[in-house]
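S.K.: Structure file my_file-v4.cif, mmCIF, N, CA and C atoms, is pasted below:
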```cif
data_protein
#
loop_
_atom_site.label_atom_id
_atom_site.label_comp_id
_atom_site.auth_asym_id
_atom_site.auth_seq_id
_atom_site.Cartn_x
_atom_site.Cartn_y
_atom_site.Cartn_z
N MET X 773 -5.04 -7.50 2.34
CA MET X 773 -4.70 -6.28 1.62
C MET X 773 -5.43 -5.13 2.29
N VAL X 774 -4.76 -4.02 2.51
CA VAL X 774 -5.38 -2.83 3.04
C VAL X 774 -6.03 -2.09 1.89
N ALA X 775 -7.29 -1.74 2.01
CA ALA X 775 -8.00 -1.07 0.93
C ALA X 775 -7.94 0.44 1.12
N ALA X 776 -7.85 1.17 0.05
CA ALA X 776 -7.81 2.62 0.09
C ALA X 776 -9.15 3.16 0.57
N GLY X 777 -9.11 4.25 1.33
CA GLY X 777 -10.33 4.81 1.89
C GLY X 777 -11.03 5.80 0.99
N ILE X 778 -10.35 6.41 0.04
CA ILE X 778 -10.94 7.40 -0.85
C ILE X 778 -10.97 6.81 -2.25
N LEU X 779 -12.11 6.79 -2.89
CA LEU X 779 -12.25 6.17 -4.21
C LEU X 779 -12.68 7.18 -5.25
N SER X 780 -12.17 7.02 -6.45
CA SER X 780 -12.59 7.88 -7.55
C SER X 780 -12.38 7.16 -8.87
N ALA X 781 -12.73 7.82 -9.98
CA ALA X 781 -12.65 7.18 -11.30
C ALA X 781 -11.21 6.95 -11.73
N SER X 782 -10.97 5.82 -12.40
CA SER X 782 -9.66 5.55 -12.99
C SER X 782 -9.82 4.60 -14.15
N THR X 783 -8.81 4.56 -14.97
CA THR X 783 -8.75 3.63 -16.08
C THR X 783 -7.66 2.63 -15.79
N PRO X 784 -7.86 1.34 -16.00
CA PRO X 784 -6.81 0.38 -15.71
C PRO X 784 -5.52 0.72 -16.46
N ALA X 785 -4.39 0.67 -15.74
CA ALA X 785 -3.09 0.94 -16.33
C ALA X 785 -2.54 -0.30 -17.01
N PHE X 786 -1.54 -0.12 -17.84
CA PHE X 786 -0.88 -1.25 -18.49
C PHE X 786 -0.37 -2.21 -17.41
N GLY X 787 -0.59 -3.49 -17.59
CA GLY X 787 -0.15 -4.48 -16.61
C GLY X 787 -1.05 -4.55 -15.40
N ALA X 788 -2.26 -4.04 -15.50
CA ALA X 788 -3.18 -4.00 -14.38
C ALA X 788 -4.57 -4.40 -14.86
N SER X 789 -5.47 -4.55 -13.90
CA SER X 789 -6.85 -4.88 -14.25
C SER X 789 -7.80 -4.13 -13.35
N SER X 790 -9.03 -3.94 -13.81
CA SER X 790 -10.04 -3.32 -12.96
C SER X 790 -10.29 -4.23 -11.77
N ASN X 791 -10.46 -3.63 -10.62
CA ASN X 791 -10.67 -4.38 -9.40
C ASN X 791 -12.16 -4.53 -9.15
N GLY X 792 -12.66 -5.76 -9.19
CA GLY X 792 -14.07 -6.00 -8.97
C GLY X 792 -14.50 -5.73 -7.54
N GLY X 793 -13.57 -5.75 -6.58
CA GLY X 793 -13.93 -5.58 -5.18
C GLY X 793 -14.02 -4.14 -4.73
N ILE X 794 -13.29 -3.24 -5.37
CA ILE X 794 -13.29 -1.83 -4.98
C ILE X 794 -13.69 -1.03 -6.21
N PRO X 795 -14.85 -0.39 -6.19
CA PRO X 795 -15.30 0.35 -7.37
C PRO X 795 -14.30 1.43 -7.78
N GLN X 796 -14.13 1.63 -9.10
CA GLN X 796 -13.29 2.69 -9.65
C GLN X 796 -11.83 2.58 -9.21
N SER X 797 -11.30 1.38 -9.16
CA SER X 797 -9.91 1.18 -8.78
C SER X 797 -9.23 0.22 -9.74
N THR X 798 -7.91 0.16 -9.65
CA THR X 798 -7.10 -0.71 -10.49
C THR X 798 -6.22 -1.57 -9.61
N THR X 799 -6.25 -2.87 -9.83
CA THR X 799 -5.36 -3.79 -9.13
C THR X 799 -4.13 -4.01 -10.01
N CYS X 800 -2.96 -3.70 -9.46
CA CYS X 800 -1.72 -3.81 -10.21
C CYS X 800 -1.19 -5.24 -10.15
N LYS X 801 -0.34 -5.57 -11.11
CA LYS X 801 0.28 -6.88 -11.17
C LYS X 801 1.17 -7.09 -9.93
N PRO X 802 1.09 -8.25 -9.26
CA PRO X 802 1.94 -8.51 -8.08
C PRO X 802 3.42 -8.45 -8.44
N PHE X 803 4.26 -8.13 -7.45
CA PHE X 803 5.70 -8.05 -7.66
C PHE X 803 6.43 -8.53 -6.41
N THR X 804 7.72 -8.77 -6.56
CA THR X 804 8.57 -9.24 -5.47
C THR X 804 9.37 -8.07 -4.91
N ALA X 805 9.48 -8.02 -3.58
CA ALA X 805 10.26 -6.97 -2.92
C ALA X 805 10.75 -7.52 -1.58
N THR X 806 11.07 -6.64 -0.65
CA THR X 806 11.62 -6.99 0.66
C THR X 806 10.75 -8.01 1.39
N LYS X 807 11.38 -8.96 2.03
CA LYS X 807 10.68 -9.99 2.81
C LYS X 807 9.81 -9.33 3.89
N TRP X 808 8.61 -9.89 4.08
CA TRP X 808 7.72 -9.45 5.15
C TRP X 808 7.43 -10.63 6.08
N VAL X 809 7.11 -10.30 7.34
CA VAL X 809 6.71 -11.29 8.34
C VAL X 809 5.46 -10.76 9.02
N ASN X 810 4.34 -11.42 8.83
CA ASN X 810 3.08 -10.98 9.41
C ASN X 810 3.21 -10.89 10.93
N PRO X 811 2.82 -9.75 11.54
CA PRO X 811 2.94 -9.60 12.99
C PRO X 811 1.89 -10.39 13.78
N TYR X 812 0.93 -10.97 13.08
CA TYR X 812 -0.15 -11.70 13.75
C TYR X 812 -0.01 -13.19 13.48
N PRO X 813 -0.36 -14.01 14.48
CA PRO X 813 -0.29 -15.47 14.29
C PRO X 813 -1.11 -15.88 13.08
N PRO X 814 -0.65 -16.80 12.32
CA PRO X 814 0.50 -17.67 12.51
C PRO X 814 1.81 -17.12 11.94
N HIS X 815 1.96 -15.81 11.79
CA HIS X 815 3.21 -15.16 11.38
C HIS X 815 3.72 -15.65 10.03
N GLU X 816 2.86 -15.57 9.02
CA GLU X 816 3.26 -15.96 7.67
C GLU X 816 4.44 -15.10 7.20
N VAL X 817 5.19 -15.63 6.26
CA VAL X 817 6.35 -14.96 5.70
C VAL X 817 6.21 -14.94 4.19
N GLY X 818 6.65 -13.86 3.56
CA GLY X 818 6.60 -13.78 2.11
C GLY X 818 7.43 -12.65 1.57
N LYS X 819 7.40 -12.50 0.26
CA LYS X 819 8.14 -11.42 -0.39
C LYS X 819 7.38 -10.85 -1.58
N HIS X 820 6.11 -11.21 -1.72
CA HIS X 820 5.29 -10.70 -2.83
C HIS X 820 4.29 -9.67 -2.31
N TYR X 821 4.05 -8.66 -3.13
CA TYR X 821 3.15 -7.56 -2.78
C TYR X 821 2.21 -7.29 -3.95
N GLN X 822 1.09 -6.64 -3.62
CA GLN X 822 0.18 -6.18 -4.66
C GLN X 822 -0.33 -4.80 -4.26
N VAL X 823 -0.50 -3.94 -5.25
CA VAL X 823 -0.93 -2.56 -5.06
C VAL X 823 -2.30 -2.36 -5.71
N VAL X 824 -3.14 -1.55 -5.09
CA VAL X 824 -4.40 -1.11 -5.67
C VAL X 824 -4.35 0.42 -5.73
N VAL X 825 -4.57 0.98 -6.92
CA VAL X 825 -4.60 2.44 -7.09
C VAL X 825 -6.03 2.88 -7.37
N THR X 826 -6.37 4.06 -6.87
CA THR X 826 -7.66 4.68 -7.18
C THR X 826 -7.40 6.08 -7.69
N GLY X 827 -8.27 6.55 -8.54
CA GLY X 827 -8.11 7.89 -9.10
C GLY X 827 -7.12 7.89 -10.26
N THR X 828 -6.67 9.08 -10.63
CA THR X 828 -5.82 9.23 -11.81
C THR X 828 -4.42 9.75 -11.50
N ALA X 829 -4.11 10.07 -10.26
CA ALA X 829 -2.81 10.64 -9.92
C ALA X 829 -1.68 9.62 -9.94
N PHE X 830 -1.99 8.34 -9.80
CA PHE X 830 -0.96 7.31 -9.71
C PHE X 830 -1.19 6.22 -10.76
N THR X 831 -0.13 5.82 -11.42
CA THR X 831 -0.17 4.64 -12.26
C THR X 831 0.36 3.48 -11.42
N CYS X 832 0.18 2.26 -11.90
CA CYS X 832 0.76 1.10 -11.21
C CYS X 832 2.28 1.23 -11.14
N LYS X 833 2.89 1.71 -12.19
CA LYS X 833 4.36 1.84 -12.22
C LYS X 833 4.84 2.79 -11.12
N ILE X 834 4.19 3.93 -10.97
CA ILE X 834 4.59 4.90 -9.95
C ILE X 834 4.33 4.35 -8.55
N ALA X 835 3.12 3.83 -8.33
CA ALA X 835 2.78 3.30 -7.00
C ALA X 835 3.67 2.13 -6.62
N ASN X 836 3.92 1.20 -7.55
CA ASN X 836 4.79 0.06 -7.26
C ASN X 836 6.19 0.52 -6.87
N ALA X 837 6.73 1.52 -7.59
CA ALA X 837 8.07 2.03 -7.27
C ALA X 837 8.11 2.63 -5.86
N LEU X 838 7.08 3.36 -5.48
CA LEU X 838 7.02 3.92 -4.13
C LEU X 838 6.94 2.80 -3.09
N VAL X 839 6.13 1.79 -3.35
CA VAL X 839 5.98 0.69 -2.39
C VAL X 839 7.29 -0.08 -2.24
N VAL X 840 8.01 -0.30 -3.32
CA VAL X 840 9.31 -0.99 -3.22
C VAL X 840 10.21 -0.21 -2.26
N LYS X 841 10.19 1.11 -2.33
CA LYS X 841 10.99 1.95 -1.43
C LYS X 841 10.46 1.86 0.00
N PHE X 842 9.15 1.95 0.16
CA PHE X 842 8.55 1.91 1.50
C PHE X 842 8.87 0.61 2.23
N VAL X 843 8.71 -0.52 1.54
CA VAL X 843 8.87 -1.82 2.21
C VAL X 843 10.34 -2.13 2.51
N ALA X 844 11.26 -1.39 1.91
CA ALA X 844 12.68 -1.61 2.18
C ALA X 844 13.15 -0.87 3.43
N GLU X 845 12.40 0.17 3.86
CA GLU X 845 12.85 0.94 5.02
C GLU X 845 12.37 0.30 6.32
N LYS X 846 13.17 0.46 7.36
CA LYS X 846 12.78 0.02 8.70
C LYS X 846 11.95 1.14 9.30
N ILE X 847 10.79 0.80 9.85
CA ILE X 847 9.91 1.83 10.40
C ILE X 847 9.62 1.55 11.87
N LYS X 848 9.23 2.62 12.56
CA LYS X 848 8.89 2.54 13.98
C LYS X 848 7.41 2.87 14.14
N ALA X 849 6.87 2.45 15.27
CA ALA X 849 5.46 2.71 15.56
C ALA X 849 5.20 4.21 15.66
N SER X 850 4.02 4.64 15.21
CA SER X 850 3.63 6.05 15.27
C SER X 850 3.43 6.51 16.71
N SER X 851 2.95 5.61 17.56
CA SER X 851 2.73 5.95 18.97
C SER X 851 2.67 4.68 19.79
N ARG X 852 2.75 4.85 21.10
CA ARG X 852 2.62 3.69 21.99
C ARG X 852 1.22 3.10 21.96
N LEU X 853 0.23 3.94 21.64
CA LEU X 853 -1.14 3.48 21.59
C LEU X 853 -1.41 2.64 20.34
N MET X 854 -0.61 2.84 19.30
CA MET X 854 -0.77 2.11 18.04
C MET X 854 0.56 1.45 17.67
N PRO X 855 0.98 0.42 18.40
CA PRO X 855 2.32 -0.15 18.19
C PRO X 855 2.51 -0.89 16.87
N THR X 856 1.44 -1.18 16.14
CA THR X 856 1.60 -1.89 14.86
C THR X 856 1.36 -0.99 13.65
N ILE X 857 1.24 0.33 13.88
CA ILE X 857 1.04 1.29 12.79
C ILE X 857 2.22 2.24 12.75
N GLY X 858 2.79 2.44 11.56
CA GLY X 858 3.93 3.35 11.41
C GLY X 858 3.72 4.30 10.26
N LYS X 859 4.62 5.28 10.17
CA LYS X 859 4.59 6.26 9.08
C LYS X 859 5.79 5.99 8.19
N VAL X 860 5.55 5.87 6.89
CA VAL X 860 6.64 5.70 5.94
C VAL X 860 7.05 7.08 5.43
N THR X 861 8.30 7.21 5.05
CA THR X 861 8.82 8.50 4.60
C THR X 861 9.02 8.49 3.09
N GLY X 862 9.07 9.71 2.53
CA GLY X 862 9.35 9.83 1.10
C GLY X 862 8.16 9.59 0.20
N GLY X 863 6.96 9.73 0.75
CA GLY X 863 5.76 9.55 -0.06
C GLY X 863 5.50 10.77 -0.93
N PRO X 864 4.48 10.69 -1.77
CA PRO X 864 4.18 11.81 -2.67
C PRO X 864 3.73 13.05 -1.89
N THR X 865 4.09 14.23 -2.41
CA THR X 865 3.69 15.49 -1.81
C THR X 865 2.17 15.57 -1.76
N GLY X 866 1.64 16.02 -0.62
CA GLY X 866 0.19 16.16 -0.46
C GLY X 866 -0.50 14.90 0.02
N TYR X 867 0.28 13.87 0.38
CA TYR X 867 -0.28 12.60 0.84
C TYR X 867 0.36 12.18 2.15
N LYS X 868 -0.41 11.48 2.97
CA LYS X 868 0.11 10.87 4.19
C LYS X 868 0.15 9.37 3.95
N CYS X 869 1.32 8.78 4.16
CA CYS X 869 1.49 7.35 3.94
C CYS X 869 1.72 6.66 5.27
N SER X 870 0.89 5.68 5.55
CA SER X 870 0.96 4.92 6.81
C SER X 870 1.09 3.45 6.48
N SER X 871 1.57 2.69 7.47
CA SER X 871 1.80 1.27 7.22
C SER X 871 1.57 0.44 8.46
N GLY X 872 1.18 -0.81 8.23
CA GLY X 872 1.25 -1.82 9.26
C GLY X 872 2.71 -2.24 9.37
N ILE X 873 3.17 -2.53 10.57
CA ILE X 873 4.57 -2.88 10.79
C ILE X 873 4.70 -4.39 10.92
N ALA X 874 5.50 -4.97 10.03
CA ALA X 874 5.76 -6.41 10.07
C ALA X 874 6.70 -6.74 11.23
N ASN X 875 6.80 -8.01 11.57
CA ASN X 875 7.71 -8.43 12.64
C ASN X 875 9.15 -8.08 12.36
N ASN X 876 9.52 -7.92 11.10
CA ASN X 876 10.88 -7.52 10.76
C ASN X 876 10.99 -6.00 10.57
N HIS X 877 10.00 -5.25 11.10
CA HIS X 877 9.96 -3.78 11.12
C HIS X 877 9.90 -3.15 9.73
N THR X 878 9.28 -3.82 8.78
CA THR X 878 9.08 -3.27 7.45
C THR X 878 7.62 -2.90 7.26
N ALA X 879 7.36 -2.10 6.25
CA ALA X 879 6.01 -1.60 5.95
C ALA X 879 5.27 -2.61 5.07
N TYR X 880 4.88 -3.74 5.64
CA TYR X 880 4.34 -4.84 4.83
C TYR X 880 2.96 -4.56 4.23
N GLN X 881 2.22 -3.63 4.76
CA GLN X 881 0.94 -3.23 4.17
C GLN X 881 0.67 -1.79 4.55
N GLY X 882 -0.07 -1.07 3.73
CA GLY X 882 -0.35 0.32 4.07
C GLY X 882 -1.07 1.05 2.96
N ASN X 883 -1.09 2.38 3.10
CA ASN X 883 -1.74 3.20 2.09
C ASN X 883 -1.18 4.61 2.10
N CYS X 884 -1.40 5.32 1.00
CA CYS X 884 -1.10 6.74 0.88
C CYS X 884 -2.40 7.43 0.52
N LEU X 885 -2.83 8.32 1.41
CA LEU X 885 -4.10 9.02 1.25
C LEU X 885 -3.87 10.52 1.17
N SER X 886 -4.70 11.22 0.42
CA SER X 886 -4.59 12.66 0.27
C SER X 886 -4.75 13.37 1.61
N LEU X 887 -3.95 14.43 1.82
CA LEU X 887 -4.10 15.26 3.03
C LEU X 887 -5.38 16.08 2.98
N HIS X 888 -5.92 16.26 1.77
CA HIS X 888 -7.16 17.02 1.56
C HIS X 888 -8.13 16.16 0.75
N PRO X 889 -8.70 15.13 1.38
CA PRO X 889 -9.54 14.18 0.63
C PRO X 889 -10.81 14.81 0.06
N SER X 890 -11.18 14.30 -1.09
CA SER X 890 -12.44 14.68 -1.73
C SER X 890 -12.93 13.45 -2.49
N LEU X 891 -14.09 13.56 -3.10
CA LEU X 891 -14.62 12.44 -3.87
C LEU X 891 -13.75 12.11 -5.08
N SER X 892 -12.93 13.07 -5.52
CA SER X 892 -12.08 12.81 -6.68
C SER X 892 -10.61 12.56 -6.29
N SER X 893 -10.32 12.39 -5.00
CA SER X 893 -8.95 12.15 -4.56
C SER X 893 -8.42 10.82 -5.08
N SER X 894 -7.14 10.80 -5.35
CA SER X 894 -6.46 9.56 -5.73
C SER X 894 -5.76 9.00 -4.49
N SER X 895 -5.49 7.71 -4.52
CA SER X 895 -4.78 7.07 -3.42
C SER X 895 -4.23 5.74 -3.91
N PHE X 896 -3.42 5.10 -3.08
CA PHE X 896 -3.02 3.73 -3.36
C PHE X 896 -2.76 3.00 -2.06
N SER X 897 -2.92 1.70 -2.11
CA SER X 897 -2.67 0.85 -0.94
C SER X 897 -1.90 -0.37 -1.40
N TRP X 898 -1.24 -1.03 -0.45
CA TRP X 898 -0.46 -2.22 -0.78
C TRP X 898 -0.54 -3.22 0.36
N GLY X 899 -0.22 -4.45 0.04
CA GLY X 899 -0.22 -5.50 1.04
C GLY X 899 0.43 -6.77 0.51
N PRO X 900 0.64 -7.73 1.41
CA PRO X 900 1.22 -9.01 1.01
C PRO X 900 0.33 -9.72 0.00
N TYR X 901 0.96 -10.50 -0.87
CA TYR X 901 0.21 -11.19 -1.90
C TYR X 901 0.60 -12.66 -1.98
N ASN X 902 -0.32 -13.55 -1.68
CA ASN X 902 -0.29 -14.96 -2.05
C ASN X 902 1.00 -15.73 -1.77
N ASP X 903 1.65 -15.47 -0.63
CA ASP X 903 2.87 -16.21 -0.31
C ASP X 903 2.60 -17.41 0.61
N SER X 904 1.54 -17.34 1.38
CA SER X 904 1.30 -18.39 2.39
C SER X 904 0.55 -19.56 1.81
#
```
Go ahead and express the file in the form of structure tokens.
M.R.:
Amino acid sequence: MVAAGILSASTPAFGASSNGGIPQSTTCKPFTATKWVNPYPPHEVGKHYQVVVTGTAFTCKIANALVVKFVAEKIKASSRLMPTIGKVTGGPTGYKCSSGIANNHTAYQGNCLSLHPSLSSSSFSWGPYNDS
């Protein structure tokens, strides 16, 4: 799972729990979406994802809906120097959303971070969950 880089206070949302690994964050209930294929050996395959939200700008429901959209789109590498990192489109205003690129060219893991980070910034990240 890719962890969010900016952390702030939040209250666990319905269907979620406080995340013991990342202070002041909420781990959302896992869900099923577009198939992913890990780009690194042994190239695991799955279709389950989990989201972690920090701050108060995003609920699990909002972040999960965005991730379902992100993982369904085919993405390209951001640059030749970073062939496994891509930019997803249609993220929230004021945020930059980036992703690791799966072997099937989907956004199998990533995050949305504020363009103007502060100690109180909200963010969310997602990644494959428990398929292998």
S.K.: What does the distance between atom C of Val839 of chain X and atom N of Ser890 of chain X come to in Å, to one decimal place?
M.R.: 23.4 Å
S.K.: For the atom pair atom C of Leu885 of chain X and atom C of Lys868 of chain X, what is the interatomic distance in Å to one decimal place?
M.R.: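 Between atom C of Leu885 of chain X and atom C of Lys868 of chain X the gap works out to 5.0 Å.
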S.K.: Give as a PyMOL selection string each residue that has an atom at most 8 Å from (1.2, 2.8, 5.3) in the file, counting all atoms listed in the file.
M.R.: chain X and resi 857-860+868-873+879-885+897-898
S.K.: Neighbours of Lys819 of chain X within 7 Å (all atoms listed in the file; same-chain residues fewer than 3 positions away dropped), as a PyMOL selection string?
M.R.: chain X and resi 803-808+900-901+903
S.K.: Which residues come within 8 Å of Asn810 of chain X, counting all atoms listed in the file, excluding same-chain residues fewer than 3 positions away, as a list in words?
M.R.: Lys807, Pro813, Pro814, His815, Glu816, Val817, Gly818, Ile873, Ala874, Asn875, Asn876 and Tyr880 of chain X
S.K.: Mind checking DSSP for segment 816-888 of chain X and telling me the strand (DSSP E) residues as a list in words?
M.R.: Val817, Gly818, Lys819, His820, Tyr821, Gln822, Val823, Val824, Val825, Thr826, Ile857, Gly858, Lys859, Tyr867, Lys868, Cys869, Ser870, Ser871, Gly872, Ile873, Ala879, Tyr880, Gln881, Gly882, Asn883, Cys884, Leu885 and Ser886 of chain X
S.K.: Each side padded by 3 Å, which centre and which edge lengths in Å (one decimal) define the axis-aligned box around the listed atoms of segment 891-904 of chain X? Give them as lines of an AutoDock Vina configuration file.
M.R.:
```
center_x = -5.9
center_y = -3.0
center_z = -2.1
size_x = 23.5
size_y = 39.1
size_z = 15.1
```
S.K.: Just how far from atom N of Lys846 of chain X is atom N of Thr861 of chain X, in Å to one decimal?
M.R.: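 Atom-to-atom, atom N of Thr861 of chain X and atom N of Lys846 of chain X are spaced 8.6 Å apart.
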